[in-house]
Amino acid sequence: MAEELSYVPKWHRELELFTQIKPLLILEGNVLDVYQYPVEGSMPKGSILRLPDYLFYHFKDIGYKTIVHYDSVEGFYNTSAPEMLEHFAKTVHARNSNGKVESQFKSAQRDSAPQYIRQLLTQADVPSVVIMNMASRYIPSPDNLVQEEVDAYSALIKASLEAKEVRCEGTTILKNLLVIVANKVNDLPAWFYLQNPNVKTISIGPPSIEERELLVKGDNFASFFDRSIFDEDFATFESAPEELTKIQDKFVALTEGMSFTELNGLRKLCKKEKFRIREMCDVIDLFKYGIRENPWKQLDLEEIQNAPAHFESRVKGQSYAQTKTLDIVKRAITGLSGLQGSSHGRPKGVLFFAGPTGTGKTETAKTLAEILFGHEDACIRFDMSEFSQSHSDQKLLGAPPGYVGYEAGGQLTNAVRNKPFSILLFDEIEKAHPSILDKFLQILEDGRMTDGQGQTVYFSECIIIFTSNLGIYTRNPLGERVANVTIDMPYNEVSDKVKSAIADYFKLELGRPEILNRIGENIVVFDYIRPEIGQQILDAQINKIIRTLKAEKKIDLVIEAAAKDVLSNSALGNLNNGGRGIGNIVESYLINPLSRFLFDQRVFDNAEVYIDSVDTTTQPVSLIGRVNRKETVVAPTEEVSVDESIPAITEGNQ
């Protein structure tokens with residue numbers, strides 16, 4: 001019996017309990033969904049029903065004889081049991097016209113819906129229930145009622161206060177009930193339900209894990225598959241039932257938060273697309289993202305194996321950060337992401353890149369996107385300094401209905417909807433308003449977010465990367481900004497100090513340690529660009545300039561040792577700005593003066609250019625060099641035989 005009860009949803013058990021106690025029940029929340037009927041009765045156990053039908057069969061099974069529905073469009077009706085509507089019409093002295101009793105809600109007149117309900121609930125002959133569907137749409141606003149609307153709700157309160165108890169067969173006594181079904185309880189006037197001891201509000205949430213297990217592991221399991229496929233596949237699992245259980249358990253976990261309507265859609269899609277039992281979980285990707293083959297399952301493992309070399313070609317001197325980043329990828333590929341937690345819908349990985357500026361944090365994210373998905377465009381970057389205002393969350397996730405920009409949606413939610421398989425890069429996260437950080441709690445924990453338009457966006461196929469300069473500078477007791485780490489410190493000391501400062505920021509300054517907990521041990525501290533690495537970066541940038549001139553302009557650029565020494569001394573003299581600072585030196589000391597030199601010498605292609613020295617005493621910096629122009633080689637003209645039988649084209653016969 002206890003096992004059977006575990007499959008009865010909590011809201012259903014509350015409904016059974018408070019039916020005996022309260023005359024007015026308000027059901028709110030996930031009321032537009034469909035539901036599995038949890039017990040054997042007028043409908044077979046496990047039947048999929050809309051809430052109005054579910055409530056009808058539930059009240060019928062416990063002994064109610066008159067059950068009618070009402071909404072402001074149809075009036076009173078009961079298509080499942082027309083005789084009940086006829087009894088209702090006779091009881092309240094109303095006209096039953098083609099299976100409907102028409103009646104307006106906004107009134108307290110004798111023929112209004114509230115007064116008809118009052119008459120039914122105050123009779124003591126037949127146990128009766130009125131189910132008011134779509135109650136969120138009866139009035140435009142619960143905060144600005146006209147007198148007719150006030151009178152209507154007042155009449156409903158009087159009906160609940162005067163509701164009679166009806167003695168049935170034997171010793172059973174049933175209370176006449178009014179059940180109101182609304183999207184949200186605050187769609188109703190607050191004075192109608194607050195501090196009213198006769199009212200019980202029951203919230204209906206998405207299907208629990210037990211309900212999803214009943215759908216997947218019960219008699220409905222076969223309905224997920226084409227009959228011939230099911231018969232063939234199921235036979236192979238009879239000798240290995242634990243394998244089938246693993247597939248079912250994974251499906252149940254991956255559908256957390258989905259409605260029964262969505263689960264029923266999965267069932268139909270799985271059958272229509274002829275998925276096999278072993279592929280059952282793949283239908284979720286098809287449902288969420290419109291694809292059957294998950295890119296995570298098609299990654300080039302050899303490319304991942306060679307990823308360190310690819311990283312090193314673009315980001316120098318950050319081997320620890322690259323190893324940590326690849327660990328996240330390998331964990332996702334092997335299916336170990338989030339195994340220590342309860343949610344299977346979490347992002348594939350979460351990384352927090354910290355460290356000095358110009359050390360390759362953003363470049364590492366872009367390189368990872370290229371390795372995984374073949375191009376940098378799969379790295380979707382958000383500059384969090386653009387979201388520093390308190391209302392910026394609407395810009396990121398979408399404005400609610402009625403607000404400016406509602407139709408456009410949110411920048412983040414739109415991006416993930418268009419590219420669900422991507423790297424999400426949130427640059428300089430500390431510059432975002434703290435209210436936005438709260439939004440990340442749900443994304444990091446559940447892997448989904450509902451945007452301003454009410455659509456669910458899934459982040460479970462993304463890798464999320466935050467970058468930050470937190471911990472490089474801190475405030476002393478006088479509030480002055482001072483360096484927390486310096487390039488003279490060894491990496492281990494830099495890493496410890498930066499991590500400690502980040503922890504203090506989230507725990508003490510923001511007061512949100514739970515955000516830090518979601519990130520966990522995935523804080524990756526990038527090291528300063530040390531001199532030997534700085535020289536490698538400088539050489540790589542110079543070589544790129546040489547290759548580009550050769551390929552595009554046919555200019556052979558030679559930089560002599562004296563000039564290289566000036567560039568090295570200038571670039572490595574201050575590495576606090578990292579690779580970005582080296583790039584700035586290359587631009588100021590080489591690219592700009594080289595452009596000037598080539599232009600002044602009228603050298604645009606086909607030449608050998610020698611840079612003898614860099615003169616830093618002039619402003620701006622200038623180059624001293626030589627030019628050897630190459631002769632333009634013209635290919636010999638081939639003789640062309642002319643067929644004299646074809647007349648030459650002249651102006652007269654064109």
# chains A, B, ... in the order shown; residues from 1 in each chain; ligands from 1

$ select_by_dssp --residues "stretch 266-493 of chain A" --states "strand (DSSP E)" --output "PyMOL selection string"
chain A and resi 349-354+379-383+423-427+448-450+456-458+463-468+473-475+481-483

$ closest_atom_pairs --of "stretch 445-466 of chain A" --to "stretch 248-259 of chain A" --cutoff "10 Å" --atoms "only C-alpha atoms" --output "Markdown table"
| residue | atom | partner | partner_atom | distance |
| --- | --- | --- | --- | --- |
| A:Asp446 | CA | A:Glu256 | CA | 8.8 |
| A:Arg448 | CA | A:Gly257 | CA | 9.1 |
| A:Thr456 | CA | A:Met258 | CA | 9.6 |
| A:Ser460 | CA | A:Leu254 | CA | 9.6 |

$ select_by_dssp --residues "stretch 170-265 of chain A" --states "alpha helix (DSSP H)" --output "PyMOL selection string"
chain A and resi 190-193+209-217+227-237+241-254+260-265

$ write_last_selection --atoms "C-alpha atoms" --output "mmCIF file, in the first residue's frame"
data_model
loop_
_atom_site.group_PDB
_atom_site.id
_atom_site.type_symbol
_atom_site.label_atom_id
_atom_site.label_comp_id
_atom_site.auth_asym_id
_atom_site.auth_seq_id
_atom_site.Cartn_x
_atom_site.Cartn_y
_atom_site.Cartn_z
ATOM 1 C CA ALA A 190 -6.269 38.839 -2.438
ATOM 2 C CA TRP A 191 -9.175 39.470 -0.050
ATOM 3 C CA PHE A 192 -10.988 36.480 -1.567
ATOM 4 C CA TYR A 193 -8.531 33.889 -0.250
ATOM 5 C CA ILE A 209 10.304 11.489 -10.259
ATOM 6 C CA GLU A 210 7.822 8.840 -9.080
ATOM 7 C CA GLU A 211 5.235 9.967 -11.642
ATOM 8 C CA ARG A 212 7.804 9.946 -14.437
ATOM 9 C CA GLU A 213 8.927 6.454 -13.389
ATOM 10 C CA LEU A 214 5.324 5.270 -13.498
ATOM 11 C CA LEU A 215 5.016 6.602 -17.042
ATOM 12 C CA VAL A 216 8.293 5.065 -18.240
ATOM 13 C CA LYS A 217 8.421 1.846 -16.225
ATOM 14 C CA ARG A 227 5.442 -2.276 -32.067
ATOM 15 C CA SER A 228 7.850 -4.286 -34.242
ATOM 16 C CA ILE A 229 10.868 -2.437 -32.814
ATOM 17 C CA PHE A 230 9.670 -2.924 -29.242
ATOM 18 C CA ASP A 231 9.072 -6.661 -29.690
ATOM 19 C CA GLU A 232 12.510 -7.112 -31.231
ATOM 20 C CA ASP A 233 14.436 -4.947 -28.750
ATOM 21 C CA PHE A 234 12.622 -5.979 -25.596
ATOM 22 C CA ALA A 235 13.558 -9.606 -26.172
ATOM 23 C CA THR A 236 17.247 -8.668 -26.024
ATOM 24 C CA PHE A 237 16.783 -7.008 -22.625
ATOM 25 C CA PRO A 241 16.906 -6.328 -17.162
ATOM 26 C CA GLU A 242 19.402 -4.141 -15.293
ATOM 27 C CA GLU A 243 20.461 -2.573 -18.620
ATOM 28 C CA LEU A 244 16.859 -1.670 -19.405
ATOM 29 C CA THR A 245 16.491 -0.173 -15.925
ATOM 30 C CA LYS A 246 19.574 2.000 -16.514
ATOM 31 C CA ILE A 247 18.076 3.375 -19.747
ATOM 32 C CA GLN A 248 14.745 4.070 -18.061
ATOM 33 C CA ASP A 249 16.398 5.712 -15.038
ATOM 34 C CA LYS A 250 18.470 7.968 -17.278
ATOM 35 C CA PHE A 251 15.371 8.985 -19.230
ATOM 36 C CA VAL A 252 13.553 9.789 -15.998
ATOM 37 C CA ALA A 253 16.480 11.894 -14.764
ATOM 38 C CA LEU A 254 16.883 13.816 -18.039
ATOM 39 C CA PHE A 260 3.291 15.609 -18.745
ATOM 40 C CA THR A 261 2.356 17.285 -22.026
ATOM 41 C CA GLU A 262 6.042 17.384 -22.956
ATOM 42 C CA LEU A 263 6.553 13.793 -21.779
ATOM 43 C CA ASN A 264 3.608 12.706 -23.889
ATOM 44 C CA GLY A 265 5.190 14.585 -26.808
#

$ residues_around --residues "A:Leu51" --least-positions-apart "2" --cutoff "10 Å" --atoms "only C-alpha atoms" --output "PyMOL selection string"
chain A and resi 30-37+48-49+53-57+133+181

$ atom_distance --atom1 "atom CA of A:Asn196" --atom2 "atom CA of A:Ile173"
23.1 Å

$ atom_distance --atom1 "atom CA of A:His375" --atom2 "atom CA of A:Gly398"
27.5 Å

$ atom_distance --atom1 "atom CA of A:Ile139" --atom2 "atom CA of A:Leu188"
8.5 Å

$ residues_around --residues "stretch 616-630 of chain A" --least-positions-apart "3" --cutoff "10 Å" --atoms "only C-alpha atoms" --output "ChimeraX atom specification"
/A:554-560,563,566-567,570,588-590,592-598,601,603,605-613,633

$ closest_residue --among "A:Asn522, A:Ser468, A:Gln119, A:Ser42" --to "A:Asp427" --atoms "only C-alpha atoms"
A:Ser468

$ residues_around --residues "A:Gly534" --least-positions-apart "6" --cutoff "12 Å" --atoms "only C-alpha atoms" --output "MDAnalysis selection string"
chainID A and resid 315:318 358:359 527:528 540:541 567:583 585

$ residues_around --residues "A:Ser103" --least-positions-apart "5" --cutoff "7 Å" --atoms "only C-alpha atoms" --output "compact mmCIF listing (two decimals) with N, CA, C and O atoms, in the first residue's frame"
# COMPACT_ATOMS: atom_id res chain seq x y z
N GLY A 75 -20.03 28.86 -20.02
CA GLY A 75 -21.04 28.75 -18.98
C GLY A 75 -20.85 27.45 -18.22
O GLY A 75 -19.72 26.96 -18.05
N ASP A 111 -29.60 35.05 -11.85
CA ASP A 111 -29.19 34.14 -12.92
C ASP A 111 -27.69 34.22 -13.22
O ASP A 111 -27.24 33.74 -14.25
N SER A 112 -26.90 34.80 -12.31
CA SER A 112 -25.45 34.86 -12.50
C SER A 112 -24.81 33.55 -12.06
O SER A 112 -25.39 32.77 -11.29
N ALA A 113 -23.60 33.30 -12.56
CA ALA A 113 -22.89 32.08 -12.19
C ALA A 113 -22.67 31.96 -10.68
O ALA A 113 -22.90 30.88 -10.10

$ closest_residue --among "A:Ala332, A:Val73, A:Ala561, A:Val68" --to "A:Leu85" --atoms "only C-alpha atoms"
A:Val68

$ closest_residue --among "A:Phe373, A:Lys274, A:Asp327, A:Pro206" --to "A:Asp226" --atoms "only C-alpha atoms"
A:Lys274

$ decode --residues "stretch 445-480 of chain A" --atoms "N, CA, C and O atoms" --output "compact mmCIF listing (two decimals), in the first residue's frame"
# COMPACT_ATOMS: atom_id res chain seq x y z
N GLU A 445 22.61 24.95 -11.63
CA GLU A 445 22.08 23.82 -10.87
C GLU A 445 21.17 22.93 -11.72
O GLU A 445 21.31 21.71 -11.73
N ASP A 446 20.22 23.56 -12.45
CA ASP A 446 19.22 22.78 -13.17
C ASP A 446 19.47 22.71 -14.66
O ASP A 446 18.86 21.88 -15.36
N GLY A 447 20.32 23.60 -15.19
CA GLY A 447 20.61 23.58 -16.62
C GLY A 447 19.48 24.08 -17.49
O GLY A 447 19.43 23.78 -18.69
N ARG A 448 18.58 24.86 -16.94
CA ARG A 448 17.49 25.41 -17.74
C ARG A 448 17.06 26.75 -17.17
O ARG A 448 17.30 27.06 -16.01
N MET A 449 16.39 27.53 -18.01
CA MET A 449 15.92 28.85 -17.61
C MET A 449 14.67 29.17 -18.44
O MET A 449 14.63 28.89 -19.64
N THR A 450 13.67 29.75 -17.79
CA THR A 450 12.48 30.19 -18.50
C THR A 450 12.64 31.67 -18.83
O THR A 450 12.86 32.49 -17.93
N ASP A 451 12.53 32.01 -20.11
CA ASP A 451 12.74 33.40 -20.50
C ASP A 451 11.49 34.23 -20.29
O ASP A 451 10.47 33.72 -19.80
N GLY A 452 11.54 35.51 -20.65
CA GLY A 452 10.42 36.41 -20.43
C GLY A 452 9.18 36.02 -21.19
O GLY A 452 8.07 36.42 -20.82
N GLN A 453 9.33 35.22 -22.26
CA GLN A 453 8.19 34.78 -23.06
C GLN A 453 7.61 33.46 -22.57
O GLN A 453 6.70 32.91 -23.18
N GLY A 454 8.17 32.94 -21.48
CA GLY A 454 7.67 31.70 -20.90
C GLY A 454 8.20 30.45 -21.55
O GLY A 454 7.74 29.34 -21.24
N GLN A 455 9.20 30.57 -22.44
CA GLN A 455 9.77 29.40 -23.10
C GLN A 455 10.98 28.90 -22.31
O GLN A 455 11.79 29.70 -21.84
N THR A 456 11.09 27.61 -22.18
CA THR A 456 12.20 27.01 -21.45
C THR A 456 13.41 26.87 -22.37
O THR A 456 13.29 26.34 -23.48
N VAL A 457 14.54 27.36 -21.91
CA VAL A 457 15.80 27.26 -22.66
C VAL A 457 16.72 26.32 -21.88
O VAL A 457 16.86 26.46 -20.66
N TYR A 458 17.33 25.37 -22.58
CA TYR A 458 18.15 24.35 -21.93
C TYR A 458 19.64 24.65 -22.14
O TYR A 458 20.08 24.95 -23.24
N PHE A 459 20.40 24.56 -21.04
CA PHE A 459 21.84 24.82 -21.06
C PHE A 459 22.64 23.53 -20.85
O PHE A 459 23.84 23.58 -20.63
N SER A 460 21.98 22.39 -20.92
CA SER A 460 22.62 21.14 -20.56
C SER A 460 23.67 20.68 -21.56
O SER A 460 24.47 19.80 -21.26
N GLU A 461 23.69 21.27 -22.76
CA GLU A 461 24.69 20.89 -23.76
C GLU A 461 25.78 21.94 -23.91
O GLU A 461 26.57 21.89 -24.86
N CYS A 462 25.81 22.90 -23.01
CA CYS A 462 26.79 24.00 -23.07
C CYS A 462 27.92 23.77 -22.06
O CYS A 462 27.74 23.09 -21.05
N ILE A 463 29.05 24.39 -22.35
CA ILE A 463 30.08 24.59 -21.34
C ILE A 463 30.06 26.08 -21.00
O ILE A 463 30.09 26.92 -21.90
N ILE A 464 29.96 26.39 -19.74
CA ILE A 464 29.87 27.77 -19.29
C ILE A 464 31.21 28.19 -18.70
O ILE A 464 31.75 27.50 -17.82
N ILE A 465 31.74 29.30 -19.20
CA ILE A 465 33.03 29.81 -18.74
C ILE A 465 32.86 31.26 -18.29
O ILE A 465 32.36 32.09 -19.04
N PHE A 466 33.24 31.52 -17.07
CA PHE A 466 33.31 32.89 -16.55
C PHE A 466 34.77 33.32 -16.56
O PHE A 466 35.66 32.53 -16.23
N THR A 467 35.02 34.57 -16.92
CA THR A 467 36.37 35.12 -16.75
C THR A 467 36.30 36.30 -15.80
O THR A 467 35.27 36.96 -15.68
N SER A 468 37.41 36.53 -15.10
CA SER A 468 37.42 37.59 -14.10
C SER A 468 38.85 38.02 -13.79
O SER A 468 39.79 37.22 -13.90
N ASN A 469 38.98 39.28 -13.42
CA ASN A 469 40.26 39.79 -12.91
C ASN A 469 40.25 39.93 -11.39
O ASN A 469 41.12 40.59 -10.81
N LEU A 470 39.25 39.31 -10.76
CA LEU A 470 39.17 39.35 -9.30
C LEU A 470 40.44 38.76 -8.69
O LEU A 470 40.98 37.77 -9.18
N GLY A 471 40.88 39.35 -7.59
CA GLY A 471 42.02 38.81 -6.86
C GLY A 471 43.36 39.36 -7.27
O GLY A 471 44.36 39.15 -6.58
N ILE A 472 43.41 40.08 -8.39
CA ILE A 472 44.68 40.68 -8.81
C ILE A 472 44.97 41.92 -7.95
O ILE A 472 46.10 42.16 -7.52
N TYR A 473 43.91 42.66 -7.69
CA TYR A 473 44.01 43.81 -6.79
C TYR A 473 42.98 43.65 -5.68
O TYR A 473 41.91 43.07 -5.88
N THR A 474 43.30 44.15 -4.51
CA THR A 474 42.37 44.15 -3.38
C THR A 474 42.38 45.54 -2.74
O THR A 474 43.14 46.42 -3.14
N ARG A 475 41.55 45.71 -1.74
CA ARG A 475 41.48 46.98 -1.01
C ARG A 475 42.15 46.82 0.36
O ARG A 475 41.91 45.84 1.06
N ASN A 476 42.99 47.80 0.69
CA ASN A 476 43.61 47.77 2.02
C ASN A 476 42.64 48.38 3.04
O ASN A 476 41.56 48.85 2.67
N PRO A 477 42.98 48.38 4.33
CA PRO A 477 42.07 48.91 5.34
C PRO A 477 41.64 50.35 5.10
O PRO A 477 40.60 50.79 5.59
N LEU A 478 42.42 51.11 4.33
CA LEU A 478 42.06 52.50 4.02
C LEU A 478 41.19 52.61 2.77
O LEU A 478 40.81 53.72 2.37
N GLY A 479 40.86 51.45 2.19
CA GLY A 479 40.03 51.46 0.99
C GLY A 479 40.81 51.71 -0.28
O GLY A 479 40.21 51.88 -1.36
N GLU A 480 42.12 51.72 -0.20
CA GLU A 480 42.95 51.97 -1.37
C GLU A 480 43.17 50.67 -2.15
O GLU A 480 43.29 49.60 -1.56
